[in-house]
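Structure record follows, encoded as structure tokens.
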Amino acid sequence: MPLIFELLQQMAMIVVIAYLFSKSPAMNYLTGERLHNREKLVLYIVFSLFSIFGTYTGLPIQGAIANTRAIGAVLAGLIGGPVLGVSVGVTAGLHRFSLGGFTAFSCGVSTTVEGLLGGLLHLYLRRQNKLELVFQPVVAFTITFFAEVSQMFIILLLSRPLSDAIALVRVIALPMIFANSVGAALFISMVRDQKRVRDKIGALFSAKAFTVADRTLGILSRGFSSESAREMVEIIRQETGVGAVAITDREKILAFSGIGADHHRPGNPVASKWSQQALRENQVVFVNGYDEHFQCPLSSSCSLGSALVVPLQVDQEVVGTISLYEPKTKLFLNINRSFGEGLATLYSHQLLRTCYEEQKTLLVQSELKLIQAQVNPHFLFNALNTIRAIVRKDADRGRELLLELSNFFRTNLKRKSDMVPLEEELAHIGAYLEIEKARFGERLTVELEIDPRLKSLQVPSFSLQPLIENAIKHGVATLLDQGRIWVRAYRRGGLALIEVEDNAGCYCKPLESQGLGMQLVDKRVKNRYGNDYGLTVDCLPQEKTLVVVSIPLPKELSSDSDSDH
Amino acid sequence: MIRTLIIDDEQPAREELALLVAETGAFEVLGCCSNALEALRLIKQERPELLFLDIEMPVLNGFELLAMIEDELMPHVVFVTAYDEHALKAFEEKTLDYLLKPVSSDRLQKTVSKLKETIRRGLPPRHQVAKLKYIPCQFAGRVKLIPPDAVQYIFSDLTGLHVVTAEGQFFTELTLKVLEERTPLLRCQRQYLVNPDSIDEIRLLENGLAEIITRQGQLLPVSRRYLRELKLHFEL
């Protein structure tokens with residue numbers, strides 16, 4: 001009986017060790033995921049020491065040692081796999097062998113076998129995809145139980161004289177099997193609890209990070225400005241609970257919230273050397289408050305004592321910082337540190353995106369400008385010349401044409417939006433065509449076939465004009481006889497198709513070598529709807545040129561399926 | 001009165017210019033044409049002293065029209081254009097004048113003075129005339145533009161000038177003289193032009209005559225006078 005108490009005493013020690021272990025960095029390695037070599041090495045050292053310690057704290061009985069050495073080896077195998085288990089087993093076994101006694105050899109061997117058993121169970125559980133069972137105390141208890149039973153058999157098999165071995169096993173079998181199994185289960189239970197706590201903190205942390213990201217990213221997408229910064233610092237401070245939060249651009253504070261807001265004012269220049277360092281070197285600067293103290297450059301009575309300054313960057317270039325502060329009375333939590341860094345990375349990505357979106361908008365605008373500028377001066381002067389001639393014969397017709405001309409140019413100059421209803425686009429080219437009809441007289445006829453349901457269809461602005469211009473310049477204007485142009489809009493499948501056809505067939509070049517105007521239409525459609533859509537040119541030399549713009553048909557327009565054409 | 005043709009493909013523009021021109025009282029308008037081919041025919045018929053010539057026209061533009069006019073028939077030219085000054089720059093020194101549409105009467109008046117001066121001094125029209133890019137041919141009611149490279153040979157008979165290509169035989173209103181001067185084609189006989197690239201063999205005959213066998217196996221006559229030039233061309 002006293003032996004059991006002795007062993008229980010040992011177990012108490014094991015629990016203490018397990019507790020200390022669970023508080024140490026080595027614990028980080030027991031995440032239940034696949035382990036890397038470096039982590040395995042750390043675990044090897046820890047469990048070997050644990051196992052050897054078990055030997056030393058054992059009680060000498062009849063020339064042998066009743067001990068808790070098995071726990072280290074079995075758990076090493078269970079947590080880290082057969083290689084780790086056997087390594088720890090061999091190490092602790094050799095150590096036991098070096099201590100001598102008539103069971104020296106058998107105990108050395110059995111410890112190795114125990115490590116192997118733990119490892120085999122680990123392998124089995126991994127194959128079954130149930131590796132999380134490793135952290136079940138019942139599993140640890142069972143495998144240690146079997147390991148210890150097998151140890152007893154090994155002692156009986158290998159130790160001589162056999163009579164001594166039998167006598168020894170009779171005394172130590174029960175207490176050792178019991179003590180080791182319970183010890184292993186206790187250890188695992190301890191580790192598991194600690195792991196749970198950590199997971200819970202991790203989950204809370206992730207949830208918080210998501211909340212902050214969710215609430216602030218939208219604000220940032222409106223641009224990096226004092227207004228957006230003001231909203232963001234409030235949210236970050238609320239969610240993290242840090243003492244104060246600041247966002248700066250390269251020169252000044254954009255927004256500040258929290259302790260010290262009385263003297264850290266928006267608009268102040270970036271004053272602290274740490275912020276300046278972060279801006280200058282594009283690096284995270286952390287002042288933890290005990291190795292180095294944050295000293296407010298503005299006020300000696302400022303109670304902020306620690307700070308994390310993370311640069312915000314767009315495309316490798318620092319555009320500002322985001323800083324978290326804690327007062328002197330509070331420790332800066334590591335969690336908040338990694339949180340701040342993560343947030344800054346996220347914001348940098350968002351800023352890059354915003355920047356990209358802005359450039360895209362600019363590009364569209366400049367392209368629109370280009371299209372407007374592309375309006376052929378030929379057209380203007382020919383139009384004026386035509387009207388001048390017509391006024392002489394038919395003043396009213398001349399006045400009408402002047403109206404068409406001014407409508408056409410007004411639209412050209414005023415229109416800023418990227419998309420317009422098809423109806424508006426048709427009105428625009430309508431004015432253009434009226435003038436061209438007057439200019440070419442009977443040489444030009446135009447037929448419009450427009451599906452009335454498509455009048456509200458949104459199309460890229462100025463997308464028809466270059467097509468019509470081409471049909472006239474390279475079509476009708478090159479024909480000696482009657483020139484005809486057809487403008488059609490219809491639905492087919494999931495597509496809205498807009499066609500301009502002429503009967504000249506003079507424009508048989510591939511799209512890439514077409515005019516800039518046509519290429520831009522294609523590019524703008526593809527940018528908006530993807531590469532399955534856009535502009536195609538079909539040509540039968542001397543017969544016809546057919547240019548088709550395809551756009552995905554919006555749902556509300558595809559409702560009735562009687563697409564004509 | 002300066003005998004004048006107006007050439008513009010747009011009817012209103014044509015009418016307007018005719019009216020403006022008439023208002024000056026300095027011109028006799030022989031006709032208005034809507035394209036280069038019509039103009040070419042009228043130039044041969046009426047032998048005008050002056051053309052008011054639009055640049056952008058269907059099929060053949062104003063410059064191309066000039067390339068088709070024989071030197072003896074070449075009139076003075078006033079270009080009329082909506083926006084092509086830059087295209088005219090190269091031409092400017094050689095051409096008499098140009099007008100921008102819409103044409104103002106004052107500006108036209110200046111042109112009249114210049115023209116009168118030029119004609120009084122009897123200066124011949126001197127245009128830098130480009131090589132012919134195309135030979136315009138009538139074909140089934142359309143105009144076919146044949147690049148000189150595609151020509152095998154050209155011959156004239158009582159009905160006119162025939163251009164022979166791989167696709168067949170086409171009728172053109174241009175003269176052999178213009179074609180000889182402004183294309184790489186070579187004269188081999190009074191009535192024949194041949195593309196040097198389609199000559200397969202030159203067979204010398206008695207009494208200084210010769211014949212050409214084309215790559216297509218066609219036999220063409222070579223006269224004594226042009227044999228010498230042929231030999232020079234091929235450095236024989």
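Residues in the structure tokens are numbered from 1 in each chain, the chains being A, B, ... in the order shown, and ligands are numbered from 1 in the order shown.
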Distance table requested - chain B against chain A, cut-off 10 Å, only C-alpha atoms: one row per qualifying residue with the closest atom pair and its distance in Å to one decimal, ordered by chain and rising residue number, as CSV.
```
residue,atom,partner,partner_atom,distance
B:Asp9,CA,A:Phe440,CA,8.0
B:Glu10,CA,A:Phe440,CA,5.6
B:Gln11,CA,A:Phe440,CA,6.9
B:Pro12,CA,A:Ala389,CA,5.5
B:Ala13,CA,A:Thr386,CA,5.9
B:Arg14,CA,A:Ala389,CA,8.8
B:Glu15,CA,A:Ala389,CA,7.2
B:Glu16,CA,A:Ala389,CA,5.0
B:Leu17,CA,A:Ala389,CA,8.5
B:Leu19,CA,A:Ala389,CA,9.4
B:Ser34,CA,A:Leu480,CA,8.6
B:Asn35,CA,A:Leu480,CA,7.5
B:Leu37,CA,A:Leu480,CA,9.9
B:Glu56,CA,A:Ala477,CA,8.5
B:Met57,CA,A:Thr478,CA,6.9
B:Pro58,CA,A:Thr478,CA,3.7
B:Val59,CA,A:Thr478,CA,5.3
B:Leu60,CA,A:Thr478,CA,8.4
B:Asn61,CA,A:Thr478,CA,9.6
B:Thr81,CA,A:Asn382,CA,8.7
B:Ala82,CA,A:Phe381,CA,5.4
B:Tyr83,CA,A:His378,CA,5.6
B:Asp84,CA,A:His378,CA,8.3
B:Leu100,CA,A:Phe381,CA,8.8
B:Lys101,CA,A:Asn385,CA,5.8
B:Pro102,CA,A:Asn385,CA,4.5
B:Val103,CA,A:Asn385,CA,7.9
B:Gly141,CA,A:Asp481,CA,9.9
B:Arg142,CA,A:Leu480,CA,8.3
B:Val143,CA,A:Leu480,CA,8.5
```
Just to be explicit: take each residue in the selection above, keep N, CA, C and O atoms, and write the result as a short mmCIF file (atom, residue, chain, number, x, y, z; two decimals), in the first residue's frame.
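Okay, this is what ended up in result.cif:
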```cif
data_model
loop_
_atom_site.label_atom_id
_atom_site.label_comp_id
_atom_site.auth_asym_id
_atom_site.auth_seq_id
_atom_site.Cartn_x
_atom_site.Cartn_y
_atom_site.Cartn_z
N ASP B 9 -18.33 65.24 -104.25
CA ASP B 9 -19.28 64.13 -104.19
C ASP B 9 -20.58 64.50 -103.47
O ASP B 9 -21.56 63.78 -103.54
N GLU B 10 -20.59 65.62 -102.74
CA GLU B 10 -21.79 65.97 -102.00
C GLU B 10 -22.59 67.01 -102.77
O GLU B 10 -22.09 68.08 -103.10
N GLN B 11 -23.86 66.67 -102.99
CA GLN B 11 -24.68 67.54 -103.82
C GLN B 11 -24.83 68.95 -103.26
O GLN B 11 -24.61 69.93 -103.98
N PRO B 12 -25.16 69.11 -101.97
CA PRO B 12 -25.31 70.48 -101.46
C PRO B 12 -24.03 71.29 -101.61
O PRO B 12 -24.06 72.46 -101.97
N ALA B 13 -22.91 70.63 -101.35
CA ALA B 13 -21.63 71.32 -101.44
C ALA B 13 -21.35 71.77 -102.87
O ALA B 13 -20.87 72.89 -103.12
N ARG B 14 -21.69 70.89 -103.80
CA ARG B 14 -21.50 71.18 -105.22
C ARG B 14 -22.33 72.40 -105.63
O ARG B 14 -21.84 73.33 -106.25
N GLU B 15 -23.61 72.34 -105.24
CA GLU B 15 -24.53 73.42 -105.63
C GLU B 15 -24.10 74.75 -105.05
O GLU B 15 -24.09 75.78 -105.72
N GLU B 16 -23.70 74.70 -103.77
CA GLU B 16 -23.29 75.93 -103.09
C GLU B 16 -22.08 76.55 -103.79
O GLU B 16 -22.04 77.75 -104.08
N LEU B 17 -21.12 75.69 -104.09
CA LEU B 17 -19.90 76.20 -104.73
C LEU B 17 -20.21 76.76 -106.13
O LEU B 17 -19.70 77.82 -106.50
N LEU B 19 -22.92 78.11 -107.12
CA LEU B 19 -23.54 79.42 -106.95
C LEU B 19 -22.51 80.50 -106.63
O LEU B 19 -22.50 81.58 -107.20
N SER B 34 -19.75 64.37 -109.62
CA SER B 34 -19.82 63.87 -108.25
C SER B 34 -18.74 62.85 -107.94
O SER B 34 -18.67 62.35 -106.83
N ASN B 35 -17.92 62.50 -108.93
CA ASN B 35 -16.80 61.62 -108.60
C ASN B 35 -15.68 61.75 -109.64
O ASN B 35 -15.85 62.39 -110.68
N LEU B 37 -14.24 59.64 -111.68
CA LEU B 37 -14.34 59.02 -113.00
C LEU B 37 -15.16 59.87 -113.96
O LEU B 37 -14.80 60.04 -115.13
N GLU B 56 -11.73 64.52 -100.48
CA GLU B 56 -12.34 63.25 -100.07
C GLU B 56 -13.51 62.91 -100.98
O GLU B 56 -14.55 63.57 -100.94
N MET B 57 -13.33 61.89 -101.80
CA MET B 57 -14.42 61.45 -102.67
C MET B 57 -14.42 59.94 -102.71
O MET B 57 -13.41 59.31 -102.43
N PRO B 58 -15.56 59.34 -103.04
CA PRO B 58 -15.61 57.88 -103.06
C PRO B 58 -14.71 57.31 -104.15
O PRO B 58 -14.55 57.91 -105.22
N VAL B 59 -14.18 56.14 -103.85
CA VAL B 59 -13.34 55.34 -104.74
C VAL B 59 -12.00 56.00 -105.06
O VAL B 59 -10.95 55.47 -104.73
N LEU B 60 -12.03 57.15 -105.70
CA LEU B 60 -10.77 57.81 -106.02
C LEU B 60 -10.82 59.23 -105.46
O LEU B 60 -11.76 59.97 -105.73
N ASN B 61 -9.81 59.62 -104.70
CA ASN B 61 -9.84 60.97 -104.14
C ASN B 61 -9.25 61.97 -105.13
O ASN B 61 -8.84 61.62 -106.24
N THR B 81 -11.71 71.79 -99.56
CA THR B 81 -11.76 70.72 -98.55
C THR B 81 -12.32 71.24 -97.25
O THR B 81 -12.27 72.44 -96.96
N ALA B 82 -12.86 70.31 -96.45
CA ALA B 82 -13.43 70.71 -95.17
C ALA B 82 -12.35 70.86 -94.11
O ALA B 82 -12.41 71.72 -93.26
N TYR B 83 -11.34 69.99 -94.17
CA TYR B 83 -10.42 70.01 -93.04
C TYR B 83 -9.04 69.47 -93.38
O TYR B 83 -8.29 69.13 -92.50
N ASP B 84 -8.70 69.38 -94.64
CA ASP B 84 -7.49 68.65 -95.00
C ASP B 84 -6.27 69.51 -95.25
O ASP B 84 -5.38 69.09 -95.98
N LEU B 100 -11.24 76.49 -98.07
CA LEU B 100 -11.80 75.68 -96.99
C LEU B 100 -13.31 75.84 -96.96
O LEU B 100 -13.84 76.94 -97.07
N LYS B 101 -13.97 74.67 -96.78
CA LYS B 101 -15.44 74.70 -96.68
C LYS B 101 -15.83 75.06 -95.26
O LYS B 101 -15.20 74.58 -94.33
N PRO B 102 -16.85 75.81 -95.00
CA PRO B 102 -17.64 76.54 -95.99
C PRO B 102 -16.82 77.69 -96.60
O PRO B 102 -16.11 78.38 -95.88
N VAL B 103 -17.01 77.87 -97.89
CA VAL B 103 -16.20 78.84 -98.62
C VAL B 103 -16.84 80.23 -98.52
O VAL B 103 -18.03 80.38 -98.71
N GLY B 141 -20.82 47.35 -114.12
CA GLY B 141 -21.51 48.44 -113.46
C GLY B 141 -20.80 48.97 -112.23
O GLY B 141 -21.25 49.93 -111.62
N ARG B 142 -19.69 48.34 -111.82
CA ARG B 142 -18.95 48.86 -110.67
C ARG B 142 -17.59 49.34 -111.15
O ARG B 142 -17.18 49.08 -112.27
N VAL B 143 -16.90 49.98 -110.25
CA VAL B 143 -15.54 50.40 -110.57
C VAL B 143 -14.59 49.43 -109.90
O VAL B 143 -14.69 49.19 -108.70
#
```
Worksheet entry | Spatial neighbours of stretch 155-162 of chain B, 8 Å, only C-alpha atoms, chain gap at least 2 places, as a VMD selection string | chain B and resid 153 164 169 to 176 191 to 193
Can I get the selection written as a PDB file, in the first residue's frame, with N, CA and C atoms?
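As written to disk, result_12.pdb reads:
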```pdb
ATOM      1  N   TYR B 153      -0.600  42.639-118.873  1.00  0.00           N
ATOM      2  CA  TYR B 153      -0.306  43.599-119.949  1.00  0.00           C
ATOM      3  C   TYR B 153      -1.558  44.405-120.258  1.00  0.00           C
ATOM      4  N   VAL B 164      -5.288  43.504-118.803  1.00  0.00           N
ATOM      5  CA  VAL B 164      -5.383  42.061-118.638  1.00  0.00           C
ATOM      6  C   VAL B 164      -4.714  41.666-117.313  1.00  0.00           C
ATOM      7  N   GLN B 169     -10.131  40.435-118.230  1.00  0.00           N
ATOM      8  CA  GLN B 169      -9.827  41.619-119.019  1.00  0.00           C
ATOM      9  C   GLN B 169     -10.793  42.740-118.645  1.00  0.00           C
ATOM     10  N   PHE B 170     -10.253  43.935-118.386  1.00  0.00           N
ATOM     11  CA  PHE B 170     -11.097  45.035-117.924  1.00  0.00           C
ATOM     12  C   PHE B 170     -10.869  46.274-118.773  1.00  0.00           C
ATOM     13  N   PHE B 171     -11.940  47.064-118.870  1.00  0.00           N
ATOM     14  CA  PHE B 171     -11.882  48.275-119.690  1.00  0.00           C
ATOM     15  C   PHE B 171     -11.530  49.480-118.823  1.00  0.00           C
ATOM     16  N   THR B 172     -10.587  50.313-119.281  1.00  0.00           N
ATOM     17  CA  THR B 172     -10.279  51.533-118.525  1.00  0.00           C
ATOM     18  C   THR B 172     -10.308  52.747-119.439  1.00  0.00           C
ATOM     19  N   GLU B 173     -10.572  53.908-118.868  1.00  0.00           N
ATOM     20  CA  GLU B 173     -10.628  55.138-119.646  1.00  0.00           C
ATOM     21  C   GLU B 173      -9.312  55.886-119.656  1.00  0.00           C
ATOM     22  N   LEU B 174      -8.347  55.402-118.903  1.00  0.00           N
ATOM     23  CA  LEU B 174      -7.045  56.061-118.901  1.00  0.00           C
ATOM     24  C   LEU B 174      -6.372  55.855-120.267  1.00  0.00           C
ATOM     25  N   THR B 175      -5.339  56.678-120.516  1.00  0.00           N
ATOM     26  CA  THR B 175      -4.616  56.525-121.781  1.00  0.00           C
ATOM     27  C   THR B 175      -3.330  55.744-121.561  1.00  0.00           C
ATOM     28  N   LEU B 176      -2.802  55.149-122.646  1.00  0.00           N
ATOM     29  CA  LEU B 176      -1.547  54.407-122.554  1.00  0.00           C
ATOM     30  C   LEU B 176      -0.420  55.308-122.079  1.00  0.00           C
ATOM     31  N   GLN B 191       0.702  49.857-129.261  1.00  0.00           N
ATOM     32  CA  GLN B 191      -0.582  49.580-128.639  1.00  0.00           C
ATOM     33  C   GLN B 191      -0.491  48.696-127.390  1.00  0.00           C
ATOM     34  N   TYR B 192       0.750  48.414-126.951  1.00  0.00           N
ATOM     35  CA  TYR B 192       0.906  47.466-125.839  1.00  0.00           C
ATOM     36  C   TYR B 192       1.770  48.004-124.702  1.00  0.00           C
ATOM     37  N   LEU B 193       1.305  47.753-123.483  1.00  0.00           N
ATOM     38  CA  LEU B 193       2.139  47.939-122.288  1.00  0.00           C
ATOM     39  C   LEU B 193       2.281  46.570-121.635  1.00  0.00           C
TER      40      LEU B 193
END
```
Item to complete: Per DSSP on the backbone, filter stretch 113-157 of chain B down to the residues in strand (DSSP E or B) and report them as an MDAnalysis selection string.
Response: chainID B and resid 135:139 142:146 151:157
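Nearest residue to B:Ala36, choosing from B:Glu167, B:Glu49, B:Glu206, B:Asp54 and counting only C-alpha atoms: B:Asp54.
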Item to complete: Determine, counting only C-alpha atoms, which protein, DNA and RNA residues have an atom within 8 Å of an atom of stretch 340-350 of chain A; residues of the same chain fewer than 6 positions away are not included. Present the result as number ranges by chain.
Response: A: 209, 213, 217, 220-221, 284, 308, 310-314, 322-324
Worksheet item: Can you list, as number ranges by chain, every protein, DNA or RNA residue that comes within 12 Å of A:Ala229 when you count only C-alpha atoms, leaving out same-chain residues fewer than 5 positions away?
Response: A: 216-224, 234-236, 245-249, 253-257, 266, 320-323, 347
